[in-house]
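Engineer: Sharing a structure below in structure tokens format, with a few things to ask.
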Amino acid sequence: MTYVQRAADRFRGGDPAAGIETWHAFSFSGFYDPDNVRFGPLAACNEERLAGGAGFAEHPHRDVEIVTWVIEGELTHEDSTGQVVTVRPGDLQRLSAGSGVRHTERNAGSVPLRFVQMWLTPSEFGGEPSYEVVRGIADGTPYALRRAEAVLHVRRLGPGRLAPLPDAPWLYVHVARGAVRLAGEVLRDGDAARVLDAVGLEVEAIGSAAEVLAWEMHAEPRFG
């Protein structure tokens, strides 16, 4: 079973007057749709665009795994564990909030910043917060998110090239750039597909190079 969500159908959020534009794939903040709360452990997939100097003021998180993928520009991250890091295209950032952490994110430069931020609910709550950046993650290298029983796969494809996707009970595919064909559907920048019980799927780049983020997820979160 495959459900395609087009970029234009995402909920528009952010604060354009402050240089922040956001497109939400799931219920988030002031937008609530009871039929669109999560997919497996994935509870948010936000496409963010920050103008130069714009950013999010310090705010708290707990019991959430936050994975960020920069598409264009540079993201400056600071948090209450003492991390001050610049994240660039090709880097993967993970913040495990655990029992509680505060952070800020901003575009400290003048070049527009575009990134995708994905929130996953962990299988177990609590624990110490932790942070990691993987620099220049290689194509096809899986990144396991241990606390959420999920794995992120990055697929970079040249024009006309095919790449396999993982088999999984829950598979979420987000097109970061370019266009691809998946299960007979054409997906473009910002489009996403949610696939239940995915087996033997491939993506094919159409027309130009493409970059795809694919979440392989094996368990829904356990509450209580």
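Ordering of the structure tokens sets the chain letters (A, B, ...), residue numbers begin anew at 1 in every chain, and ligands are numbered from 1 in the order given.
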Can you list, as number ranges by chain, every protein, DNA or RNA residue that comes within 10 Å of Ala108 of chain A when you count only C-alpha atoms, leaving out same-chain residues fewer than 6 positions away?
Structural biologist: A: 50-55, 73-77, 86
Engineer: Using only C-alpha atoms, which protein or nucleic acid residues come within 8 Å of segment 194-197 of chain A? Drop anything in the same chain fewer than 2 positions from it, and give the result as an NGL selection string.
Structural biologist: :A and (1-4 or 39 or 167-173 or 192 or 199)
Engineer: Skip Gln83 of chain A itself and residues of its chain fewer than 3 positions away, then list as JSON, numbers by chain all residues within 10 Å of it, counting only C-alpha atoms.
Structural biologist: {"A": [77, 78, 79, 80, 86, 103, 130, 131, 132]}
Engineer: Within 10 Å of Gly136 of chain A, counting only C-alpha atoms, which residues show up once you throw out same-chain ones fewer than 5 positions away? Write them as a ChimeraX atom specification, please.
Structural biologist: /A:88-92
Engineer: Mind dumping the selected residues with C-alpha atoms as a compact mmCIF listing (two decimals), in the first residue's frame?
Structural biologist:
```txt
# COMPACT_ATOMS: atom_id res chain seq x y z
CA ARG A 88 26.47 21.52 5.56
CA PRO A 89 24.98 19.66 2.57
CA GLY A 90 25.87 15.98 2.74
CA ASP A 91 26.14 16.01 6.55
CA LEU A 92 23.66 14.14 8.72
```
Engineer: Got a sec: who's within 12 Å of Arg38 of chain A, counting only C-alpha atoms, leaving out chain neighbours fewer than 5 positions off, as a list in words?
Structural biologist: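 Everything that qualifies: His24, Ala25, Phe26, Ser27, Phe28, Tyr32, Asp33, Ala43, Ala44, Cys45, Met118, Trp119, Leu120, Thr121, Trp170, Tyr172, Arg194, Glu220 and Pro221 of chain A.
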Engineer: What is the distance, in Å and to one decimal place, between atom CA of Ala219 of chain A and atom CA of Leu42 of chain A?
Structural biologist: 10.3 Å
Engineer: Excluding Arg102 of chain A and its own-chain neighbours fewer than 3 positions away, which residues fall within 10 Å of it when counting only C-alpha atoms? Please give them as a ChimeraX atom specification.
Structural biologist: /A:57-62,78-81,97,129
Engineer: Under the rule that only C-alpha atoms are counted, which of A:His218, A:Arg49, A:Arg146, A:Arg181 is the nearest residue to Pro112 of chain A?
Structural biologist: A:Arg49
Engineer: Determine, for each residue of segment 103-209 of chain A having at least one atom at most 8 Å from an atom of segment 63-71 of chain A, the closest pair of atoms and their separation in Å to one decimal, counting only C-alpha atoms; order by chain and ascending number, as CSV.
Structural biologist:
```
residue,atom,partner,partner_atom,distance
A:Leu113,CA,A:Ile71,CA,7.8
A:Arg114,CA,A:Ile71,CA,5.5
A:Phe115,CA,A:Val70,CA,4.2
A:Val116,CA,A:Trp69,CA,5.2
A:Gln117,CA,A:Thr68,CA,4.4
A:Met118,CA,A:Val67,CA,5.2
A:Trp119,CA,A:Ile66,CA,4.6
A:Leu120,CA,A:Glu65,CA,5.1
A:Thr121,CA,A:Val64,CA,5.1
A:Pro122,CA,A:Val64,CA,6.1
A:Phe125,CA,A:Asp63,CA,5.5
A:Gly126,CA,A:Asp63,CA,6.2
A:Arg147,CA,A:Glu65,CA,7.8
A:Ala148,CA,A:Glu65,CA,7.5
A:Ala176,CA,A:Ile71,CA,7.0
A:Arg177,CA,A:Ile71,CA,7.9
```
Engineer: Apply DSSP to the structure's backbone, then extract all residues of segment 58-176 of chain A labelled strand (DSSP E) and return them as a PyMOL selection string.
Structural biologist: chain A and resi 58-61+65-72+75-79+84-87+92-96+101-106+113-120+130-134+143-145+150-157+162-164+168-176
Engineer: For Glu128 of chain A, which of A:Val186, A:Leu95, A:Gly140, A:Leu145 is the closest residue, counting only C-alpha atoms?
Structural biologist: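 Checking each candidate against Glu128 of chain A, we get A:Leu95 as the closest.
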Engineer: Kindly give the distance, in Å, that separates atom CA of Val84 of chain A and atom CA of Ser110 of chain A, rounded to a single decimal.
Structural biologist: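 Separation of atom CA of Val84 of chain A and atom CA of Ser110 of chain A: 18.7 Å.
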Engineer: In Å, how far is it from atom CA of Val134 of chain A to atom CA of Gly109 of chain A?
Structural biologist: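 It comes out at 21.4 Å.
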Engineer: Which neighbours of Trp23 of chain A fall inside 10 Å, counting only C-alpha atoms, when residues of the same chain fewer than 3 positions from it are skipped, and could you give them as a PDB file with N, CA, C and O atoms, in the first residue's frame?
Structural biologist:
```pdb
ATOM      1  N   ALA A   7       4.223  17.884  -2.454  1.00  0.00           N
ATOM      2  CA  ALA A   7       4.766  19.023  -1.719  1.00  0.00           C
ATOM      3  C   ALA A   7       3.709  20.107  -1.534  1.00  0.00           C
ATOM      4  O   ALA A   7       3.624  20.734  -0.472  1.00  0.00           O
ATOM      5  N   ALA A   8       2.893  20.324  -2.545  1.00  0.00           N
ATOM      6  CA  ALA A   8       1.874  21.382  -2.487  1.00  0.00           C
ATOM      7  C   ALA A   8       0.768  21.073  -1.494  1.00  0.00           C
ATOM      8  O   ALA A   8       0.017  21.983  -1.099  1.00  0.00           O
ATOM      9  N   ASP A   9       0.640  19.806  -1.089  1.00  0.00           N
ATOM     10  CA  ASP A   9      -0.418  19.414  -0.161  1.00  0.00           C
ATOM     11  C   ASP A   9       0.034  19.453   1.292  1.00  0.00           C
ATOM     12  O   ASP A   9      -0.766  19.185   2.200  1.00  0.00           O
ATOM     13  N   ARG A  10       1.301  19.775   1.534  1.00  0.00           N
ATOM     14  CA  ARG A  10       1.776  19.896   2.911  1.00  0.00           C
ATOM     15  C   ARG A  10       1.153  21.133   3.572  1.00  0.00           C
ATOM     16  O   ARG A  10       0.820  22.106   2.898  1.00  0.00           O
ATOM     17  N   PHE A  11       1.076  21.078   4.900  1.00  0.00           N
ATOM     18  CA  PHE A  11       0.589  22.223   5.656  1.00  0.00           C
ATOM     19  C   PHE A  11       1.664  23.302   5.709  1.00  0.00           C
ATOM     20  O   PHE A  11       2.815  23.030   6.040  1.00  0.00           O
ATOM     21  N   ARG A  12       1.287  24.530   5.359  1.00  0.00           N
ATOM     22  CA  ARG A  12       2.237  25.646   5.339  1.00  0.00           C
ATOM     23  C   ARG A  12       2.323  26.266   6.725  1.00  0.00           C
ATOM     24  O   ARG A  12       1.322  26.669   7.314  1.00  0.00           O
ATOM     25  N   GLY A  13       3.533  26.341   7.278  1.00  0.00           N
ATOM     26  CA  GLY A  13       3.739  26.932   8.594  1.00  0.00           C
ATOM     27  C   GLY A  13       4.854  27.943   8.560  1.00  0.00           C
ATOM     28  O   GLY A  13       5.076  28.616   7.561  1.00  0.00           O
ATOM     29  N   GLY A  14       5.587  28.030   9.666  1.00  0.00           N
ATOM     30  CA  GLY A  14       6.703  28.952   9.751  1.00  0.00           C
ATOM     31  C   GLY A  14       6.252  30.379  10.008  1.00  0.00           C
ATOM     32  O   GLY A  14       5.119  30.650  10.427  1.00  0.00           O
ATOM     33  N   PHE A  26       3.157  16.201   8.466  1.00  0.00           N
ATOM     34  CA  PHE A  26       2.260  15.616   9.470  1.00  0.00           C
ATOM     35  C   PHE A  26       1.664  16.730  10.336  1.00  0.00           C
ATOM     36  O   PHE A  26       2.095  17.882  10.267  1.00  0.00           O
ATOM     37  N   PHE A  28       1.274  19.258  13.115  1.00  0.00           N
ATOM     38  CA  PHE A  28       2.408  19.918  13.758  1.00  0.00           C
ATOM     39  C   PHE A  28       1.955  21.272  14.269  1.00  0.00           C
ATOM     40  O   PHE A  28       1.255  22.012  13.573  1.00  0.00           O
ATOM     41  N   CYS A  45       8.099  15.504   9.396  1.00  0.00           N
ATOM     42  CA  CYS A  45       9.049  15.668   8.292  1.00  0.00           C
ATOM     43  C   CYS A  45       8.809  17.069   7.758  1.00  0.00           C
ATOM     44  O   CYS A  45       7.868  17.301   6.993  1.00  0.00           O
ATOM     45  N   ASN A  46       9.622  18.005   8.230  1.00  0.00           N
ATOM     46  CA  ASN A  46       9.439  19.422   7.918  1.00  0.00           C
ATOM     47  C   ASN A  46      10.487  19.881   6.915  1.00  0.00           C
ATOM     48  O   ASN A  46      11.680  19.699   7.144  1.00  0.00           O
ATOM     49  N   GLU A  47      10.029  20.471   5.834  1.00  0.00           N
ATOM     50  CA  GLU A  47      10.956  21.103   4.899  1.00  0.00           C
ATOM     51  C   GLU A  47      11.043  22.575   5.284  1.00  0.00           C
ATOM     52  O   GLU A  47      10.032  23.291   5.306  1.00  0.00           O
ATOM     53  N   GLU A  48      12.260  23.020   5.623  1.00  0.00           N
ATOM     54  CA  GLU A  48      12.472  24.357   6.151  1.00  0.00           C
ATOM     55  C   GLU A  48      13.318  25.183   5.192  1.00  0.00           C
ATOM     56  O   GLU A  48      14.282  24.681   4.609  1.00  0.00           O
ATOM     57  N   ARG A  49      12.963  26.453   5.073  1.00  0.00           N
ATOM     58  CA  ARG A  49      13.768  27.426   4.319  1.00  0.00           C
ATOM     59  C   ARG A  49      13.966  28.655   5.208  1.00  0.00           C
ATOM     60  O   ARG A  49      12.985  29.264   5.650  1.00  0.00           O
ATOM     61  N   VAL A 116      15.789  19.574   5.567  1.00  0.00           N
ATOM     62  CA  VAL A 116      14.683  18.707   5.963  1.00  0.00           C
ATOM     63  C   VAL A 116      14.954  18.239   7.384  1.00  0.00           C
ATOM     64  O   VAL A 116      16.054  17.766   7.683  1.00  0.00           O
ATOM     65  N   GLY A 190      10.293  17.673  -2.659  1.00  0.00           N
ATOM     66  CA  GLY A 190       9.335  17.864  -1.582  1.00  0.00           C
ATOM     67  C   GLY A 190       8.216  16.853  -1.539  1.00  0.00           C
ATOM     68  O   GLY A 190       7.474  16.786  -0.547  1.00  0.00           O
TER      69      GLY A 190
END
```
